[in-house]
file query_20.cif (mmCIF, C-alpha atoms)
data_input
loop_
_atom_site.group_PDB
_atom_site.id
_atom_site.type_symbol
_atom_site.label_atom_id
_atom_site.label_comp_id
_atom_site.auth_asym_id
_atom_site.auth_seq_id
_atom_site.Cartn_x
_atom_site.Cartn_y
_atom_site.Cartn_z
ATOM 1 C CA MET L 1 -32.813 8.201 -2.090
ATOM 2 C CA THR L 2 -29.559 6.280 -2.562
ATOM 3 C CA LEU L 3 -27.109 6.367 0.308
ATOM 4 C CA ARG L 4 -23.544 7.167 -0.671
ATOM 5 C CA PRO L 5 -20.936 4.959 0.972
ATOM 6 C CA LEU L 6 -18.818 6.684 3.566
ATOM 7 C CA ILE L 7 -15.062 6.632 3.175
ATOM 8 C CA TYR L 8 -13.391 7.625 6.427
ATOM 9 C CA TYR L 9 -9.993 9.261 6.325
ATOM 10 C CA SER L 10 -7.296 10.437 8.671
ATOM 11 C CA GLU L 11 -3.601 11.180 8.588
ATOM 12 C CA MET L 12 -0.659 10.006 10.626
ATOM 13 C CA ASP L 13 3.001 10.908 10.987
ATOM 14 C CA SER L 14 5.562 8.284 10.046
ATOM 15 C CA PRO L 15 9.320 8.002 9.409
ATOM 16 C CA ILE L 16 8.565 8.421 5.684
ATOM 17 C CA GLY L 17 6.434 11.528 6.196
ATOM 18 C CA THR L 18 2.743 12.127 6.676
ATOM 19 C CA LEU L 19 0.432 9.381 5.430
ATOM 20 C CA THR L 20 -3.256 9.761 4.651
ATOM 21 C CA LEU L 21 -5.317 6.638 5.333
ATOM 22 C CA ALA L 22 -8.814 5.930 4.038
ATOM 23 C CA LYS L 23 -11.195 3.073 4.682
ATOM 24 C CA SER L 24 -14.650 1.951 3.700
ATOM 25 C CA GLU L 25 -17.003 -0.169 5.771
ATOM 26 C CA LYS L 26 -15.205 -3.219 4.279
ATOM 27 C CA GLY L 27 -11.651 -2.191 5.155
ATOM 28 C CA ILE L 28 -8.703 0.026 4.366
ATOM 29 C CA CYS L 29 -8.792 1.109 0.734
ATOM 30 C CA PHE L 30 -6.107 3.793 0.361
ATOM 31 C CA ILE L 31 -2.813 4.881 1.834
ATOM 32 C CA GLU L 32 -1.541 8.071 0.230
ATOM 33 C CA PHE L 33 1.854 9.665 0.762
ATOM 34 C CA GLY L 34 1.323 13.171 2.092
ATOM 35 C CA SER L 35 -1.126 15.106 4.210
ATOM 36 C CA VAL L 36 -4.888 15.171 3.786
ATOM 37 C CA SER L 37 -4.600 18.547 2.090
ATOM 38 C CA SER L 38 -2.456 17.036 -0.667
ATOM 39 C CA ALA L 39 -4.112 13.579 -0.787
ATOM 40 C CA TYR L 40 -7.807 14.541 -0.669
ATOM 41 C CA ALA L 41 -8.096 15.366 -4.382
ATOM 42 C CA SER L 42 -6.219 12.182 -5.315
ATOM 43 C CA ILE L 43 -8.555 10.015 -3.240
ATOM 44 C CA LYS L 44 -11.617 11.730 -4.746
ATOM 45 C CA ALA L 45 -10.218 11.185 -8.258
ATOM 46 C CA LYS L 46 -9.548 7.490 -7.560
ATOM 47 C CA LEU L 47 -13.077 7.025 -6.224
ATOM 48 C CA ARG L 48 -14.504 8.672 -9.361
ATOM 49 C CA LYS L 49 -12.315 6.523 -11.617
ATOM 50 C CA MET L 50 -13.607 3.411 -9.835
ATOM 51 C CA HIS L 51 -17.194 4.673 -10.205
ATOM 52 C CA ILE L 52 -17.665 4.950 -6.443
ATOM 53 C CA ASN L 53 -19.864 7.852 -5.504
ATOM 54 C CA GLY L 54 -18.544 7.839 -1.958
ATOM 55 C CA GLU L 55 -18.588 10.605 0.560
ATOM 56 C CA LEU L 56 -15.338 11.375 2.388
ATOM 57 C CA ALA L 57 -15.566 11.970 6.116
ATOM 58 C CA GLU L 58 -12.635 12.797 8.383
ATOM 59 C CA ASP L 59 -12.722 10.433 11.359
ATOM 60 C CA PRO L 60 -9.413 9.542 13.048
ATOM 61 C CA ALA L 61 -11.213 7.200 15.485
ATOM 62 C CA ALA L 62 -12.494 5.097 12.571
ATOM 63 C CA LEU L 63 -8.861 4.461 11.596
ATOM 64 C CA ASP L 64 -7.475 3.790 15.083
ATOM 65 C CA GLU L 65 -6.565 0.154 14.379
ATOM 66 C CA GLU L 66 -4.936 0.942 11.035
ATOM 67 C CA THR L 67 -2.940 3.794 12.578
ATOM 68 C CA HIS L 68 -1.960 1.585 15.529
ATOM 69 C CA GLN L 69 -0.730 -1.283 13.336
ATOM 70 C CA LEU L 70 1.218 1.058 11.066
ATOM 71 C CA ALA L 71 2.817 2.731 14.112
ATOM 72 C CA GLU L 72 3.821 -0.713 15.392
ATOM 73 C CA TYR L 73 5.322 -1.527 11.990
ATOM 74 C CA PHE L 74 7.341 1.703 11.933
ATOM 75 C CA SER L 75 8.614 1.065 15.471
ATOM 76 C CA GLY L 76 9.775 -2.442 14.498
ATOM 77 C CA GLU L 77 7.175 -4.239 16.649
ATOM 78 C CA ARG L 78 5.007 -5.537 13.782
ATOM 79 C CA LYS L 79 6.054 -7.608 10.782
ATOM 80 C CA THR L 80 2.626 -8.446 9.321
ATOM 81 C CA PHE L 81 -0.703 -6.641 9.202
ATOM 82 C CA ASP L 82 -4.034 -7.986 10.311
ATOM 83 C CA LEU L 83 -6.441 -5.561 8.688
ATOM 84 C CA PRO L 84 -9.436 -6.068 6.409
ATOM 85 C CA LEU L 85 -8.747 -4.663 2.954
ATOM 86 C CA ASP L 86 -11.144 -3.166 0.427
ATOM 87 C CA LEU L 87 -9.155 -3.384 -2.791
ATOM 88 C CA ILE L 88 -10.595 -2.335 -6.099
ATOM 89 C CA GLY L 89 -8.614 -3.381 -9.138
ATOM 90 C CA SER L 90 -8.556 -5.732 -12.064
ATOM 91 C CA THR L 91 -8.306 -9.481 -11.586
ATOM 92 C CA PHE L 92 -4.663 -9.288 -12.681
ATOM 93 C CA GLN L 93 -3.856 -6.453 -10.261
ATOM 94 C CA LYS L 94 -5.441 -8.332 -7.362
ATOM 95 C CA LEU L 95 -3.438 -11.452 -8.272
ATOM 96 C CA VAL L 96 -0.208 -9.425 -8.225
ATOM 97 C CA TRP L 97 -1.133 -7.687 -4.969
ATOM 98 C CA GLU L 98 -1.800 -11.060 -3.310
ATOM 99 C CA LYS L 99 1.672 -12.286 -4.351
ATOM 100 C CA VAL L 100 3.305 -9.068 -3.167
ATOM 101 C CA LYS L 101 1.420 -9.297 0.135
ATOM 102 C CA ASP L 102 3.058 -12.690 0.695
ATOM 103 C CA ILE L 103 6.646 -11.373 0.452
ATOM 104 C CA PRO L 104 7.976 -11.831 3.985
ATOM 105 C CA TYR L 105 9.195 -8.927 6.113
ATOM 106 C CA GLY L 106 12.907 -8.262 5.582
ATOM 107 C CA THR L 107 13.073 -9.942 2.180
ATOM 108 C CA THR L 108 12.677 -8.840 -1.412
ATOM 109 C CA LYS L 109 11.560 -10.384 -4.691
ATOM 110 C CA SER L 110 12.066 -9.210 -8.229
ATOM 111 C CA TYR L 111 9.333 -8.297 -10.665
ATOM 112 C CA LYS L 112 10.543 -11.281 -12.692
ATOM 113 C CA GLN L 113 10.065 -13.646 -9.724
ATOM 114 C CA ILE L 114 6.520 -12.378 -9.161
ATOM 115 C CA ALA L 115 5.736 -12.823 -12.879
ATOM 116 C CA SER L 116 7.001 -16.382 -12.747
ATOM 117 C CA GLU L 117 5.035 -17.149 -9.571
ATOM 118 C CA ILE L 118 1.739 -16.090 -11.146
ATOM 119 C CA GLY L 119 2.456 -18.158 -14.248
ATOM 120 C CA ALA L 120 3.074 -15.187 -16.535
ATOM 121 C CA PRO L 121 6.883 -15.080 -16.901
ATOM 122 C CA LYS L 122 6.770 -12.478 -19.690
ATOM 123 C CA ALA L 123 4.526 -10.087 -17.750
ATOM 124 C CA VAL L 124 7.329 -8.291 -15.916
ATOM 125 C CA ARG L 125 6.233 -4.833 -17.094
ATOM 126 C CA ALA L 126 2.603 -5.594 -16.250
ATOM 127 C CA ILE L 127 3.718 -6.631 -12.748
ATOM 128 C CA GLY L 128 5.367 -3.222 -12.417
ATOM 129 C CA GLY L 129 2.179 -1.533 -13.596
ATOM 130 C CA ALA L 130 0.047 -3.423 -11.085
ATOM 131 C CA ASN L 131 2.550 -2.687 -8.327
ATOM 132 C CA ASN L 132 2.377 1.002 -9.230
ATOM 133 C CA LYS L 133 -1.416 0.925 -8.751
ATOM 134 C CA ASN L 134 -1.201 -0.683 -5.294
ATOM 135 C CA PRO L 135 -3.735 1.331 -3.266
ATOM 136 C CA VAL L 136 -2.336 0.365 0.155
ATOM 137 C CA PRO L 137 1.468 0.547 0.066
ATOM 138 C CA ILE L 138 3.252 -0.721 3.186
ATOM 139 C CA ILE L 139 0.320 -3.032 4.029
ATOM 140 C CA ILE L 140 0.782 -4.629 0.605
ATOM 141 C CA PRO L 141 4.570 -4.226 0.704
ATOM 142 C CA CYS L 142 5.348 -3.160 -2.858
ATOM 143 C CA HIS L 143 8.568 -1.616 -1.512
ATOM 144 C CA ARG L 144 9.862 -5.208 -1.281
ATOM 145 C CA VAL L 145 9.763 -5.614 -5.082
ATOM 146 C CA ILE L 146 13.065 -4.851 -6.809
ATOM 147 C CA GLY L 147 14.696 -5.197 -10.207
ATOM 148 C CA SER L 148 16.026 -8.613 -11.236
ATOM 149 C CA ASN L 149 19.571 -7.249 -10.924
ATOM 150 C CA GLY L 150 18.906 -6.336 -7.286
ATOM 151 C CA ALA L 151 18.476 -2.621 -8.035
ATOM 152 C CA MET L 152 15.870 -0.526 -6.299
ATOM 153 C CA VAL L 153 13.526 0.556 -9.045
ATOM 154 C CA GLY L 154 10.243 2.390 -8.992
ATOM 155 C CA TYR L 155 8.192 3.275 -5.947
ATOM 156 C CA GLY L 156 5.105 5.467 -5.893
ATOM 157 C CA GLY L 157 6.322 7.312 -2.830
ATOM 158 C CA GLY L 158 9.827 7.771 -4.245
ATOM 159 C CA LEU L 159 12.973 5.684 -3.960
ATOM 160 C CA ASP L 160 13.998 7.539 -0.794
ATOM 161 C CA LYS L 161 10.904 6.158 0.994
ATOM 162 C CA LYS L 162 11.522 2.690 -0.445
ATOM 163 C CA GLU L 163 15.063 2.757 0.939
ATOM 164 C CA ILE L 164 13.845 3.844 4.392
ATOM 165 C CA LEU L 165 11.288 1.010 4.479
ATOM 166 C CA LEU L 166 13.824 -1.597 3.330
ATOM 167 C CA ARG L 167 16.345 -0.326 5.904
ATOM 168 C CA LEU L 168 13.675 -0.512 8.609
ATOM 169 C CA GLU L 169 13.143 -4.177 7.712
ATOM 170 C CA GLY L 170 16.865 -4.952 7.400
ATOM 171 C CA ALA L 171 16.490 -5.814 3.708
ATOM 172 C CA PHE L 172 18.442 -2.866 2.282
ATOM 173 C CA GLU L 173 21.744 -4.106 3.648
ATOM 174 C CA LYS L 174 21.172 -7.474 1.956
ATOM 175 C CA LEU L 175 20.788 -5.666 -1.393
ATOM 176 C CA THR L 176 23.991 -3.668 -1.010
ATOM 177 C CA SER L 177 26.253 -6.402 0.373
#
call {"tool": "encode", "arguments": {"input": "query_20.cif", "output": "structure tokens"}}
result
Amino acid sequence: MTLRPLIYYSEMDSPIGTLTLAKSEKGICFIEFGSVSSAYASIKAKLRKMHINGELAEDPAALDEETHQLAEYFSGERKTFDLPLDLIGSTFQKLVWEKVKDIPYGTTKSYKQIASEIGAPKAVRAIGGANNKNPVPIIIPCHRVIGSNGAMVGYGGGLDKKEILLRLEGAFEKLTS
């Protein structure tokens, strides 16, 4: 009998609405915008797409540290996260996510800058695609990636959430001044 990996999930309230968090034994693997009732099917679909025959189990205690660090971030007490991640993606996606993870709190970078930093200056659209597939927004701060003209473009949770996060970090004012 093969044991199916457990994926623990829980939800939390935040200034950008309810978030559903999920983690494996290796670390946090998903943050979805919305409640468990709206995110459950999406998480199951992503697991299937990644060929993970995991079993979902609601367990808020298993996500205490993740919830705590996110709450600290939203209250302005935390600028970086110290959480193990379990990211499943292509080599290219993981390369982009590592670069995005390194964008400091309160600052932004353009898709073009990220493309240049990974040595693929013509891959701007591919950077956007990888950013769009980021499984753990906020922790990997894809909200800090903007258009080369300084415009707020694209965010999986919606531009309204991106603006709230950039305002929280003091970066939005820098874009509009």
call {"tool": "closest_residue", "arguments": {"input": "query_20.cif", "among": "L:Gly158, L:Phe92, L:Arg144, L:Val153", "to": "Ala126 of chain L", "atoms": "only C-alpha atoms"}}
result
L:Phe92
call {"tool": "closest_atom_pairs", "arguments": {"input": "query_20.cif", "of": "segment 15-80 of chain L", "to": "segment 129-134 of chain L", "cutoff": "12 Å", "atoms": "all atoms listed in the file", "output": "tab-separated table"}}
result
residue	atom	partner	partner_atom	distance
L:Cys29	CA	L:Asn134	CA	9.9
L:Phe30	CA	L:Asn134	CA	8.7
L:Ile31	CA	L:Asn134	CA	9.2
L:Glu32	CA	L:Asn134	CA	10.4
L:Lys46	CA	L:Lys133	CA	10.5
call {"tool": "write_last_selection", "arguments": {"input": "query_20.cif", "atoms": "C-alpha atoms", "output": "PDB file, keeping the file's coordinate frame"}}
result
ATOM      1  CA  CYS L  29      -8.792   1.109   0.734  1.00  0.00           C
ATOM      2  CA  PHE L  30      -6.107   3.793   0.361  1.00  0.00           C
ATOM      3  CA  ILE L  31      -2.813   4.881   1.834  1.00  0.00           C
ATOM      4  CA  GLU L  32      -1.541   8.071   0.230  1.00  0.00           C
ATOM      5  CA  LYS L  46      -9.548   7.490  -7.560  1.00  0.00           C
TER       6      LYS L  46
END
call {"tool": "closest_residue", "arguments": {"input": "query_20.cif", "among": "L:Gly170, L:Pro84, L:Gly76, L:Pro141", "to": "Lys99 of chain L", "atoms": "all atoms listed in the file"}}
result
L:Pro141
call {"tool": "atom_distance", "arguments": {"input": "query_20.cif", "atom1": "atom CA of Ile139 of chain L", "atom2": "atom CA of Gln69 of chain L"}}
result
9.5 Å
call {"tool": "residues_around", "arguments": {"input": "query_20.cif", "residues": "Asp64 of chain L", "least_positions_apart": "5", "cutoff": "12 Å", "atoms": "only C-alpha atoms", "output": "list in words"}}
result
Tyr8, Tyr9, Ser10, Glu11, Met12, Leu21, Ala22, Lys23, Ile28, Asp59, Gln69, Leu70, Ala71 and Leu83 of chain L
call {"tool": "closest_residue", "arguments": {"input": "query_20.cif", "among": "L:Gly17, L:Gly128, L:Pro60, L:Gly147", "to": "Lys161 of chain L", "atoms": "all atoms listed in the file"}}
result
L:Gly17
